[in-house]
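Chemist: Contents of entry-v3.txt (compact mmCIF, C-alpha atoms and all ligand atoms) are below:
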# COMPACT_ATOMS: atom_id res chain seq x y z
CA MET A 114 -53.61 105.79 13.25
CA ALA A 115 -54.60 109.07 11.61
CA GLY A 116 -53.38 112.58 10.93
CA ALA A 117 -49.88 113.98 11.17
CA GLY A 118 -49.09 115.11 14.72
CA ARG A 119 -47.76 111.82 16.01
CA HIS A 120 -45.17 111.53 13.24
CA PRO A 121 -42.83 114.53 13.40
CA GLY A 122 -41.36 115.23 10.01
CA LEU A 123 -44.07 113.28 8.24
CA GLY A 124 -47.45 114.50 7.05
CA ARG A 125 -46.59 118.08 8.04
CA ASP A 126 -49.51 119.60 6.13
CA ALA A 127 -51.88 116.66 6.41
CA VAL A 128 -55.23 117.07 8.13
CA PRO A 129 -56.26 114.69 10.94
CA VAL A 130 -59.14 112.34 10.23
CA SER A 131 -62.04 112.18 12.67
CA ARG A 132 -63.60 108.74 12.86
CA ARG A 133 -66.52 109.76 15.03
CA ARG A 134 -68.92 110.54 12.19
CA ARG A 135 -69.22 109.76 8.50
CA ARG A 136 -67.14 112.11 6.39
CA PRO A 137 -68.28 113.07 2.93
CA GLY A 138 -65.91 111.59 0.43
CA ALA A 139 -63.85 108.48 -0.04
CA LEU A 140 -60.99 106.54 1.43
CA LEU A 141 -58.25 105.73 -1.09
CA TYR A 142 -56.59 102.67 0.47
CA GLY A 143 -53.16 101.77 -0.92
CA ALA A 144 -52.48 105.46 -1.54
CA ASN A 145 -48.71 105.07 -1.07
CA GLY A 146 -48.42 102.52 -3.91
CA PHE A 147 -47.30 103.47 -7.43
CA THR A 148 -50.87 103.62 -8.76
CA GLY A 149 -52.39 104.90 -5.51
CA ARG A 150 -50.17 107.99 -5.67
CA LEU A 151 -51.30 108.70 -9.24
CA ILE A 152 -54.95 108.38 -8.21
CA ALA A 153 -54.40 110.67 -5.20
CA ALA A 154 -52.90 113.33 -7.48
CA VAL A 155 -55.84 113.22 -9.92
CA ALA A 156 -58.36 113.35 -7.04
CA ARG A 157 -56.60 116.41 -5.64
CA ARG A 158 -56.49 118.07 -9.07
CA ASP A 159 -60.25 117.46 -9.47
CA GLY A 160 -61.10 118.60 -5.94
CA LEU A 161 -62.61 115.22 -5.03
CA PRO A 162 -62.66 114.77 -1.24
CA VAL A 163 -60.33 111.81 -0.66
CA THR A 164 -58.57 110.61 2.47
CA LEU A 165 -55.37 108.65 1.85
CA GLY A 166 -55.11 105.25 3.51
CA GLY A 167 -52.72 102.34 3.77
CA ARG A 168 -51.18 99.92 6.23
CA ARG A 169 -47.91 101.74 7.01
CA PRO A 170 -48.38 105.12 8.75
CA GLU A 171 -44.99 106.49 7.73
CA ALA A 172 -45.55 105.65 4.05
CA VAL A 173 -49.08 107.07 3.86
CA ALA A 174 -48.14 110.20 5.82
CA ARG A 175 -45.26 110.84 3.41
CA VAL A 176 -47.68 110.94 0.46
CA ALA A 177 -50.16 113.07 2.43
CA ALA A 178 -47.38 115.55 3.22
CA GLU A 179 -46.85 116.00 -0.53
CA THR A 180 -50.52 116.30 -1.47
CA GLY A 181 -52.05 117.97 1.60
CA GLN A 182 -54.80 115.36 1.77
CA PRO A 183 -55.89 113.84 5.12
CA TRP A 184 -54.67 110.35 5.90
CA VAL A 185 -55.30 107.29 8.03
CA ALA A 186 -53.35 104.05 8.51
CA PHE A 187 -54.63 100.62 9.54
CA ARG A 188 -54.00 97.03 8.55
CA LEU A 189 -56.57 94.79 6.90
CA ASP A 190 -56.19 91.76 9.17
CA HIS A 191 -58.54 92.88 11.97
CA PRO A 192 -62.11 92.87 10.59
CA GLU A 193 -63.59 95.03 13.36
CA ARG A 194 -60.97 97.70 12.89
CA VAL A 195 -61.45 97.69 9.11
CA ALA A 196 -65.24 98.00 9.53
CA GLU A 197 -64.81 100.89 11.96
CA GLU A 198 -62.45 102.77 9.62
CA VAL A 199 -64.48 102.15 6.49
CA ALA A 200 -67.71 103.26 8.19
CA ALA A 201 -66.33 106.79 8.30
CA PHE A 202 -66.58 107.19 4.51
CA ASP A 203 -69.20 107.17 1.76
CA ALA A 204 -66.95 105.05 -0.48
CA VAL A 205 -63.66 103.18 -0.50
CA LEU A 206 -61.42 102.98 -3.56
CA LEU A 207 -59.03 100.08 -3.00
CA ALA A 208 -55.68 100.47 -4.79
CA ALA A 209 -53.75 97.97 -2.62
CA GLY A 210 -52.97 94.71 -4.37
CA PRO A 211 -52.60 91.86 -5.10
CA PHE A 212 -56.35 92.07 -4.50
CA SER A 213 -56.55 88.37 -3.72
CA ARG A 214 -55.05 89.49 -0.38
CA THR A 215 -56.89 92.78 0.16
CA SER A 216 -60.33 92.80 -1.48
CA ALA A 217 -62.33 90.38 0.70
CA PRO A 218 -61.85 92.16 4.07
CA VAL A 219 -62.63 95.54 2.54
CA VAL A 220 -65.74 94.28 0.71
CA GLU A 221 -66.93 92.66 3.93
CA ALA A 222 -66.40 95.88 5.89
CA CYS A 223 -68.12 97.99 3.20
CA LEU A 224 -71.19 95.74 3.20
CA ALA A 225 -71.39 95.92 6.99
CA ALA A 226 -70.92 99.70 7.07
CA GLY A 227 -73.09 100.68 4.07
CA THR A 228 -70.03 102.12 2.28
CA HIS A 229 -69.62 101.85 -1.51
CA TYR A 230 -66.66 99.76 -2.72
CA LEU A 231 -64.50 100.33 -5.82
CA ASP A 232 -61.15 98.82 -6.74
CA ILE A 233 -58.57 98.66 -9.52
CA THR A 234 -58.27 94.90 -9.63
CA GLY A 235 -57.78 92.96 -12.85
CA GLU A 236 -57.85 89.57 -11.08
CA ILE A 237 -60.53 87.20 -12.35
CA ALA A 238 -61.03 85.42 -9.01
CA VAL A 239 -61.49 88.76 -7.26
CA PHE A 240 -64.09 89.93 -9.80
CA GLU A 241 -65.94 86.66 -9.39
CA SER A 242 -66.03 86.88 -5.59
CA VAL A 243 -67.17 90.52 -5.67
CA PHE A 244 -69.94 89.70 -8.18
CA ALA A 245 -71.01 86.83 -5.89
CA ARG A 246 -71.93 89.50 -3.29
CA ASP A 247 -74.49 91.16 -5.59
CA ALA A 248 -77.53 90.24 -3.47
CA ASP A 249 -75.76 91.31 -0.25
CA ALA A 250 -74.84 94.64 -1.86
CA LYS A 251 -78.43 95.28 -2.96
CA ARG A 252 -79.66 94.48 0.55
CA ALA A 253 -77.08 96.85 2.05
CA GLY A 254 -77.76 99.62 -0.49
CA VAL A 255 -74.11 99.50 -1.51
CA THR A 256 -72.44 99.66 -4.95
CA LEU A 257 -69.59 97.20 -5.56
CA LEU A 258 -67.59 98.33 -8.60
CA PRO A 259 -64.35 96.39 -9.15
CA GLY A 260 -62.07 97.11 -12.12
CA THR A 261 -62.02 100.92 -12.38
CA GLY A 262 -58.58 100.96 -14.05
CA PHE A 263 -57.17 100.18 -17.49
CA ASP A 264 -58.27 96.65 -16.77
CA VAL A 265 -61.25 96.79 -17.31
CA VAL A 266 -62.79 100.18 -18.15
CA PRO A 267 -61.85 100.62 -21.85
CA SER A 268 -62.18 96.93 -22.77
CA ASP A 269 -65.46 96.59 -20.85
CA CYS A 270 -66.87 99.63 -22.66
CA LEU A 271 -65.61 98.33 -26.02
CA ALA A 272 -67.18 94.92 -25.33
CA ALA A 273 -70.52 96.49 -24.38
CA ALA A 274 -70.53 98.78 -27.44
CA LEU A 275 -69.75 95.83 -29.75
CA ALA A 276 -72.41 93.64 -28.13
CA ALA A 277 -75.01 96.39 -28.58
CA GLU A 278 -74.27 96.38 -32.33
CA LEU A 279 -74.71 92.61 -32.67
CA PRO A 280 -77.56 91.24 -30.56
CA GLY A 281 -77.29 87.49 -30.04
CA ALA A 282 -73.49 87.41 -30.37
CA SER A 283 -72.04 84.13 -29.10
CA ARG A 284 -68.31 84.91 -29.18
CA LEU A 285 -66.24 87.88 -28.02
CA LEU A 286 -62.52 88.44 -28.57
CA LEU A 287 -60.72 91.31 -26.83
CA ALA A 288 -57.08 92.36 -27.20
CA PHE A 289 -54.85 95.06 -25.78
CA ARG A 290 -51.32 96.22 -26.42
CA ALA A 291 -48.98 95.20 -23.61
CA PHE A 292 -47.53 98.00 -21.46
CA ALA A 293 -44.60 98.43 -19.06
CA PRO A 294 -45.88 97.19 -15.66
CA SER A 295 -45.24 98.61 -12.20
CA SER A 296 -43.72 96.29 -9.61
CA GLY A 297 -47.19 95.88 -8.03
CA THR A 298 -48.69 94.77 -11.36
CA ALA A 299 -45.74 92.45 -12.03
CA ARG A 300 -46.13 90.93 -8.54
CA THR A 301 -49.85 90.42 -9.12
CA MET A 302 -49.18 88.76 -12.49
CA LEU A 303 -46.54 86.56 -10.88
CA GLU A 304 -49.06 85.45 -8.28
CA SER A 305 -51.52 84.32 -10.96
CA LEU A 306 -48.91 82.48 -13.08
CA PRO A 307 -49.37 79.05 -11.44
CA ASN A 308 -53.05 79.19 -12.46
CA GLY A 309 -52.05 79.08 -16.15
CA GLY A 310 -54.42 80.59 -18.71
CA ALA A 311 -58.20 80.88 -18.77
CA ALA A 312 -61.04 81.38 -21.24
CA ARG A 313 -64.82 81.68 -21.02
CA VAL A 314 -66.41 78.70 -22.78
CA ASP A 315 -70.20 78.20 -22.93
CA GLY A 316 -70.56 80.53 -19.97
CA ALA A 317 -67.98 78.79 -17.76
CA LEU A 318 -64.47 79.95 -16.83
CA VAL A 319 -62.17 77.13 -17.91
CA PRO A 320 -58.41 76.67 -17.53
CA VAL A 321 -56.42 76.69 -20.78
CA PRO A 322 -52.66 76.50 -21.34
CA PRO A 323 -50.70 79.79 -21.30
CA ALA A 324 -50.56 81.32 -24.80
CA TRP A 325 -53.28 78.83 -25.78
CA LYS A 326 -54.04 80.73 -28.99
CA VAL A 327 -52.03 83.23 -31.01
CA ARG A 328 -53.39 85.58 -33.69
CA GLU A 329 -52.58 88.80 -35.48
CA ILE A 330 -54.70 91.66 -34.15
CA PRO A 331 -55.57 94.63 -36.42
CA PHE A 332 -55.14 97.46 -33.89
CA ALA A 333 -56.06 100.98 -35.03
CA ASP A 334 -52.41 102.00 -35.59
CA HIS A 335 -51.03 98.72 -37.01
CA PRO A 336 -51.40 94.93 -36.63
CA ARG A 337 -49.51 93.08 -33.90
CA ASN A 338 -49.03 89.48 -32.84
CA ALA A 339 -50.97 88.57 -29.66
CA MET A 340 -51.48 85.58 -27.38
CA THR A 341 -54.33 84.62 -25.06
CA VAL A 342 -53.90 85.71 -21.44
CA SER A 343 -56.26 85.38 -18.50
CA TRP A 344 -57.49 88.97 -18.23
CA GLY A 345 -60.22 90.46 -16.04
CA ASP A 346 -62.66 90.78 -18.93
CA LEU A 347 -63.21 87.03 -18.86
CA SER A 348 -65.25 87.85 -15.78
CA THR A 349 -66.50 91.41 -16.40
CA ALA A 350 -67.34 91.22 -20.12
CA TYR A 351 -69.44 88.14 -19.44
CA ARG A 352 -71.32 90.08 -16.77
CA SER A 353 -71.67 93.17 -19.00
CA THR A 354 -72.67 91.42 -22.25
CA GLY A 355 -73.79 87.87 -21.38
CA ILE A 356 -71.72 86.59 -24.33
CA PRO A 357 -70.88 83.00 -23.36
CA ASN A 358 -67.54 82.51 -25.20
CA ILE A 359 -64.75 85.01 -24.51
CA GLU A 360 -61.02 85.06 -25.24
CA THR A 361 -58.66 87.85 -24.13
CA TYR A 362 -55.37 88.59 -25.90
CA MET A 363 -52.26 90.63 -25.09
CA THR A 364 -49.66 91.61 -27.68
CA ALA A 365 -46.61 89.37 -27.54
CA PRO A 366 -43.62 88.85 -29.84
CA PRO A 367 -42.94 85.18 -30.75
CA ALA A 368 -40.19 84.91 -28.06
CA LEU A 369 -42.67 85.87 -25.33
CA VAL A 370 -45.20 83.34 -26.63
CA ALA A 371 -42.51 80.66 -26.47
CA SER A 372 -41.46 81.57 -22.92
CA ALA A 373 -45.09 81.79 -21.73
CA ARG A 374 -45.60 78.26 -23.00
CA ALA A 375 -42.32 77.04 -21.46
CA GLY A 376 -43.09 78.88 -18.20
CA HIS A 377 -46.09 76.68 -17.63
CA ALA A 378 -43.77 73.75 -17.03
CA LEU A 379 -42.12 75.75 -14.22
CA ALA A 380 -45.43 76.81 -12.63
CA PRO A 381 -45.34 74.20 -9.80
CA LEU A 382 -42.04 75.76 -8.64
CA LEU A 383 -43.87 79.02 -7.98
CA SER A 384 -45.89 77.40 -5.24
CA LEU A 385 -42.67 77.00 -3.22
CA ALA A 386 -42.53 79.83 -0.67
CA LEU A 387 -38.79 80.43 -1.08
CA VAL A 388 -38.97 80.64 -4.86
CA ARG A 389 -41.92 83.01 -4.64
CA TRP A 390 -40.16 85.23 -2.08
CA PHE A 391 -37.06 85.46 -4.29
CA LEU A 392 -39.06 86.25 -7.42
CA GLU A 393 -41.25 88.82 -5.67
CA ALA A 394 -38.15 90.62 -4.38
CA ALA A 395 -36.60 90.56 -7.87
CA VAL A 396 -39.81 91.80 -9.46
CA GLY A 397 -39.94 94.71 -7.00
CA LYS A 398 -36.59 95.98 -8.29
CA ALA A 399 -37.05 95.18 -11.97
CA PHE A 400 -40.30 97.07 -12.66
CA PRO A 401 -40.28 100.71 -11.52
CA GLY A 402 -43.40 101.46 -13.61
CA PRO A 403 -43.65 104.06 -16.39
CA ASP A 404 -42.20 107.48 -15.49
CA GLU A 405 -44.06 110.75 -15.96
CA GLY A 406 -42.77 111.18 -19.52
CA ALA A 407 -43.85 107.70 -20.56
CA ARG A 408 -47.27 108.13 -18.94
CA ALA A 409 -47.80 111.35 -20.91
CA ARG A 410 -46.35 110.01 -24.17
CA GLU A 411 -47.49 106.40 -24.52
CA ARG A 412 -50.85 105.41 -26.01
CA SER A 413 -52.91 102.26 -25.34
CA TYR A 414 -54.58 100.33 -28.13
CA LEU A 415 -57.43 97.85 -27.80
CA TRP A 416 -59.38 95.78 -30.30
CA GLY A 417 -62.50 93.69 -30.03
CA ARG A 418 -64.67 91.45 -32.17
CA VAL A 419 -68.11 89.97 -31.59
CA GLU A 420 -69.43 87.09 -33.70
CA ARG A 421 -72.81 85.50 -34.09
CA ASP A 422 -73.48 81.90 -35.14
CA ASP A 423 -74.94 83.05 -38.50
CA GLY A 424 -71.50 84.47 -39.42
CA ALA A 425 -72.30 88.16 -38.76
CA PHE A 426 -69.59 90.00 -36.88
CA VAL A 427 -68.50 93.46 -35.74
CA GLU A 428 -64.93 94.56 -35.06
CA GLY A 429 -64.04 97.73 -33.19
CA THR A 430 -61.06 99.48 -31.64
CA ALA A 431 -60.28 101.79 -28.75
CA GLU A 432 -57.36 104.13 -28.27
CA THR A 433 -56.59 105.80 -25.00
CA LEU A 434 -54.00 107.06 -22.50
CA GLU A 435 -51.07 105.02 -21.21
CA GLY A 436 -52.40 102.31 -18.85
CA TYR A 437 -51.45 103.86 -15.48
CA ALA A 438 -52.43 107.38 -16.54
CA PHE A 439 -55.76 105.96 -17.69
CA THR A 440 -56.21 104.02 -14.43
CA ALA A 441 -55.80 107.17 -12.34
CA GLU A 442 -58.20 109.22 -14.47
CA ALA A 443 -60.84 106.48 -14.81
CA SER A 444 -60.75 105.54 -11.11
CA VAL A 445 -61.37 109.13 -10.04
CA ALA A 446 -64.15 109.47 -12.67
CA CYS A 447 -65.82 106.28 -11.36
CA LEU A 448 -65.44 107.44 -7.77
CA ALA A 449 -66.93 110.87 -8.55
CA ARG A 450 -69.98 109.22 -10.13
CA VAL A 451 -70.48 106.80 -7.26
CA LEU A 452 -70.14 109.63 -4.72
CA GLY A 453 -72.59 111.59 -6.86
CA GLY A 454 -75.19 108.98 -5.96
CA THR A 455 -76.23 108.01 -9.49
CA VAL A 456 -75.21 104.33 -9.36
CA VAL A 457 -77.77 101.75 -8.27
CA PRO A 458 -76.83 99.31 -5.46
CA GLY A 459 -75.40 95.92 -6.39
CA ALA A 460 -72.23 94.45 -7.88
CA THR A 461 -71.61 95.92 -11.30
CA THR A 462 -69.15 96.65 -14.11
CA PRO A 463 -68.06 100.04 -15.48
CA SER A 464 -70.13 99.77 -18.68
CA ALA A 465 -73.21 98.49 -16.82
CA ALA A 466 -72.92 101.30 -14.28
CA PHE A 467 -72.17 104.21 -16.62
CA GLY A 468 -72.90 103.05 -20.18
CA ALA A 469 -70.70 101.75 -22.99
CA ARG A 470 -69.51 105.25 -23.91
CA PHE A 471 -68.20 105.97 -20.40
CA ALA A 472 -64.59 105.31 -21.46
CA GLU A 473 -64.83 108.22 -23.91
CA SER A 474 -65.43 110.60 -21.01
CA ILE A 475 -61.79 109.99 -20.02
CA GLY A 476 -59.75 112.55 -21.97
CA GLY A 477 -58.00 111.22 -25.04
CA THR A 478 -60.11 108.06 -25.38
CA THR A 479 -61.79 107.06 -28.65
CA LEU A 480 -64.02 104.04 -29.29
CA ARG A 481 -64.57 103.09 -32.93
CA VAL A 482 -67.43 100.63 -33.33
CA PRO A 483 -69.05 100.34 -36.78
CA SER A 484 -72.41 98.75 -37.53
CA ALA A 485 -72.72 94.97 -37.94
CA SER A 486 -71.50 93.45 -41.20
CA ALA A 487 -73.84 91.29 -43.26
CA PRO A 488 -73.68 87.60 -42.28
CA GLY A 489 -70.82 85.83 -44.03
CA PRO A 490 -69.17 82.43 -43.76
CA PRO A 491 -69.02 81.11 -40.15
CA PRO A 492 -65.82 82.08 -38.29
CA ALA A 493 -62.90 79.65 -38.23
N1 LIG B 1 -56.64 97.06 -13.25
C1 LIG B 1 -55.69 97.88 -13.63
O1 LIG B 1 -55.73 98.41 -14.71
C2 LIG B 1 -54.56 98.17 -12.69
C3 LIG B 1 -53.74 99.28 -12.91
C4 LIG B 1 -52.70 99.53 -12.01
C5 LIG B 1 -52.49 98.68 -10.94
N2 LIG B 1 -53.30 97.61 -10.77
C6 LIG B 1 -53.12 96.70 -9.64
O2 LIG B 1 -53.12 97.48 -8.47
C7 LIG B 1 -52.26 96.89 -7.49
C8 LIG B 1 -51.29 97.94 -6.99
O3 LIG B 1 -50.41 98.28 -8.03
P1 LIG B 1 -49.21 99.31 -7.76
O4 LIG B 1 -48.54 99.49 -9.04
O5 LIG B 1 -49.72 100.52 -7.07
O6 LIG B 1 -48.32 98.45 -6.73
P2 LIG B 1 -47.35 98.92 -5.56
O7 LIG B 1 -46.64 100.17 -5.92
O8 LIG B 1 -46.55 97.72 -5.19
O9 LIG B 1 -48.34 99.29 -4.34
C9 LIG B 1 -49.05 98.29 -3.69
C10 LIG B 1 -49.87 98.92 -2.58
O10 LIG B 1 -50.68 97.90 -1.98
C11 LIG B 1 -50.40 97.84 -0.58
N3 LIG B 1 -50.59 96.47 -0.12
C12 LIG B 1 -50.13 95.33 -0.70
N4 LIG B 1 -50.51 94.25 0.02
C13 LIG B 1 -51.24 94.74 1.07
C14 LIG B 1 -51.90 94.13 2.17
N5 LIG B 1 -51.90 92.81 2.33
N6 LIG B 1 -52.55 94.92 3.05
C15 LIG B 1 -52.57 96.26 2.89
N7 LIG B 1 -51.94 96.90 1.88
C16 LIG B 1 -51.29 96.15 0.98
C17 LIG B 1 -48.97 98.32 -0.47
O11 LIG B 1 -48.71 98.71 0.86
P3 LIG B 1 -47.19 98.73 1.41
O12 LIG B 1 -46.49 99.84 0.73
O13 LIG B 1 -47.37 98.93 2.87
O14 LIG B 1 -46.59 97.37 1.06
C18 LIG B 1 -49.01 99.49 -1.46
O15 LIG B 1 -49.66 100.60 -0.90
C19 LIG B 1 -51.61 95.68 -8.17
O16 LIG B 1 -52.33 94.52 -7.81
C20 LIG B 1 -51.79 95.96 -9.66
O17 LIG B 1 -51.86 94.78 -10.42
C21 LIG B 1 -54.32 97.34 -11.61
Just give me the structure as structure tokens.
Modeler:
Amino acid sequence: MAGAGRHPGLGRDAVPVSRRRRRPGALLYGANGFTGRLIAAVARRDGLPVTLGGRRPEAVARVAAETGQPWVAFRLDHPERVAEEVAAFDAVLLAAGPFSRTSAPVVEACLAAGTHYLDITGEIAVFESVFARDADAKRAGVTLLPGTGFDVVPSDCLAAALAAELPGASRLLLAFRAFAPSSGTARTMLESLPNGGAARVDGALVPVPPAWKVREIPFADHPRNAMTVSWGDLSTAYRSTGIPNIETYMTAPPALVASARAGHALAPLLSLALVRWFLEAAVGKAFPGPDEGARARERSYLWGRVERDDGAFVEGTAETLEGYAFTAEASVACLARVLGGTVVPGATTPSAAFGARFAESIGGTTLRVPSASAPGPPPA
């Protein structure tokens, strides 16, 4: 379903979408979500041709009525329909998650239609399945670029910049300061809870207990306690840098570390449909996402460290916008570059596609990566 005319009162100013020929520009699917709406606003501000998409016509049309962008609505459970819709665009930016439920049909449709695919996932399993389509993407002349948001653009660029300073590094640690999640992010995190933690060890993704390790992280503003979490960089930083041992940390006060560890014992409960339904409903109400003031005010802090077996190491930091504000800006910047035709076909990461300094092109972002230290005693 497309356009506005069939929904009186909704999408008053929206422009109908023609599906008969390829339109220049991109489809933003999930445009009525918390993050999708932020991306739509940045795309409109930057004059990037974007059509808003989603599964519920009334919800997508409501956003289109506010922004004046064209819109289209279709569900993702009919592959032929998805392929037909996606074929009308040069690129799709998927903002509908959890991506474990949405990515595969859209990737499949993009490969069939010769349409570039981008998303804002942070889910390790989704990154891994998109990267597994690398050869298909090259054959189809299509770019697959997952992770255009806060997870993973700044950390992926920090990892790549650090790795460039220390050739032969065997260990990478990345950390970020926790932020207030939207309900969609909280729901996605809830979905991954039963999987426990993860780390990259000798090139393999391995399960580890939640809050497996805890350490104090020297962020640029001040040090904070952090625990290991399974974050998207366990997939993307390995692809970007080839470093075989990776741990990802999120700031956490001691009480959160304790409940993360205790929560693991409850993980089997989450596989019960009723428990999941109840928690998902509760999560929807509990996490409205940061408001406009918080998005303008808050800052994000990241830290990274690469180590080599001879004891040499480099530590660096990044500072940037609040996570959702960053996600909207970075996603539109990635989309503009892909639409600009400068990205080679294949499955890739932000730093591999645009260079380690790409994050700094997003206003208010600074990477600080010094030169390698002299070798010292091996790391603990
Ligand atoms: N990597 C990052 O840095 C980053 C940043 C922000 C968000 N995210 C991720 O992006 C996702 C969206 O976050 P949000 O805050 O925008 O959540 P949200 O407000 O709950 O919006 C979710 C959107 O996804 C759509 N959706 C969900 N399941 C779908 C399905 N099976 N088929 C079609 N559409 C579906 C929803 O459509 P309906 O309204 O019809 O349900 C809605 O448009 C989450 O997974 C979140 O973790 C990642």
Chemist: For ligand LIG 1 (chain B), list the contacting residues at 7 Å or closer, counting all atoms listed in the file, as number ranges by chain.
Modeler: A: 143-149, 167-169, 172, 188-189, 208-212, 214-215, 233-235, 260-265, 295-299, 301-302, 436-437, 440
Chemist: Which residues come within 10 Å of Ala407 of chain A, counting all atoms listed in the file, excluding same-chain residues fewer than 2 positions away, as a tab-separated table (two decimals) with C-alpha atoms, in the frame of the given file?
Modeler:
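What landed in out_2.tsv:
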chain	number	residue	atom	x	y	z
A	293	ALA	CA	-44.60	98.43	-19.06
A	402	GLY	CA	-43.40	101.46	-13.61
A	403	PRO	CA	-43.65	104.06	-16.39
A	404	ASP	CA	-42.20	107.48	-15.49
A	405	GLU	CA	-44.06	110.75	-15.96
A	409	ALA	CA	-47.80	111.35	-20.91
A	410	ARG	CA	-46.35	110.01	-24.17
A	411	GLU	CA	-47.49	106.40	-24.52
A	412	ARG	CA	-50.85	105.41	-26.01
A	435	GLU	CA	-51.07	105.02	-21.21
A	437	TYR	CA	-51.45	103.86	-15.48
A	438	ALA	CA	-52.43	107.38	-16.54
Chemist: One decimal, Å: what's the distance from atom CA of Ala273 of chain A over to atom CA of Ser464 of chain A, could you say?
Modeler: 6.6 Å
Chemist: Could you check how far atom CA of Val370 of chain A sits from atom CA of Met340 of chain A, in Å to one decimal?
Modeler: 6.7 Å
Chemist: Nearest to Arg352 of chain A: which of A:Val327, A:Val243, A:Ala311, A:Ala333 is it, counting only C-alpha atoms?
Modeler: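 Closest to Arg352 of chain A of all the choices is A:Val243.
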Chemist: What does the distance between atom CA of Glu241 of chain A and atom CA of Val457 of chain A come to in Å, to one decimal place?
Modeler: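 Going from atom CA of Glu241 of chain A over to atom CA of Val457 of chain A, I get 19.2 Å.
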Chemist: So which one's closest to Gly417 of chain A, A:Asp247, A:Glu360, A:Asp232, A:Glu198? Using all atoms listed in the file, please.
Modeler: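 Distance minimum relative to Gly417 of chain A lands on A:Glu360.
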Chemist: Might you pull out every residue within 7 Å of Thr461 of chain A, with all atoms listed in the file counted and same-chain residues fewer than 3 positions away left off, and present them as a ChimeraX atom specification?
Modeler: /A:257-258,465-466
Chemist: In the coordinate frame of the file, compute which residues have an atom within 10 Å of (-49.6, 82.6, -27.1) when using only C-alpha atoms, and state them as a ChimeraX atom specification.
Modeler: /A:310,322-328,338-342,362-374
Chemist: For Pro192 of chain A, which of A:Gly309, A:Pro170, A:Pro483, A:Pro218 is the closest residue, counting only C-alpha atoms?
Modeler: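 Of all the options, A:Pro218 lies closest to Pro192 of chain A.
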Chemist: Of the residues A:Phe400, A:Tyr351, A:Tyr142, A:Phe426, which is the one nearest to Leu279 of chain A, using only C-alpha atoms?
Modeler: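 Comparing A:Phe400, A:Tyr351, A:Tyr142, A:Phe426 against Leu279 of chain A, the winner is A:Phe426.
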Chemist: Between A:Ala277, A:Leu140, A:Leu151, A:Ile359, which has the minimum distance to Arg313 of chain A (counting all atoms listed in the file)?
Modeler: A:Ile359
Chemist: With distances taken over only C-alpha atoms, which residue among A:Ala225, A:Ala272, A:Ala472, A:Ile356 lies nearest Asp422 of chain A?
Modeler: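 Going through A:Ala225, A:Ala272, A:Ala472, A:Ile356 one by one, the smallest distance to Asp422 of chain A is for A:Ile356.
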Chemist: Which neighbours of Cys223 of chain A fall inside 8 Å, counting only C-alpha atoms, when residues of the same chain fewer than 2 positions from it are skipped, and could you give them as a PyMOL selection string?
Modeler: chain A and resi 196+199-200+205+219-221+225-230+255
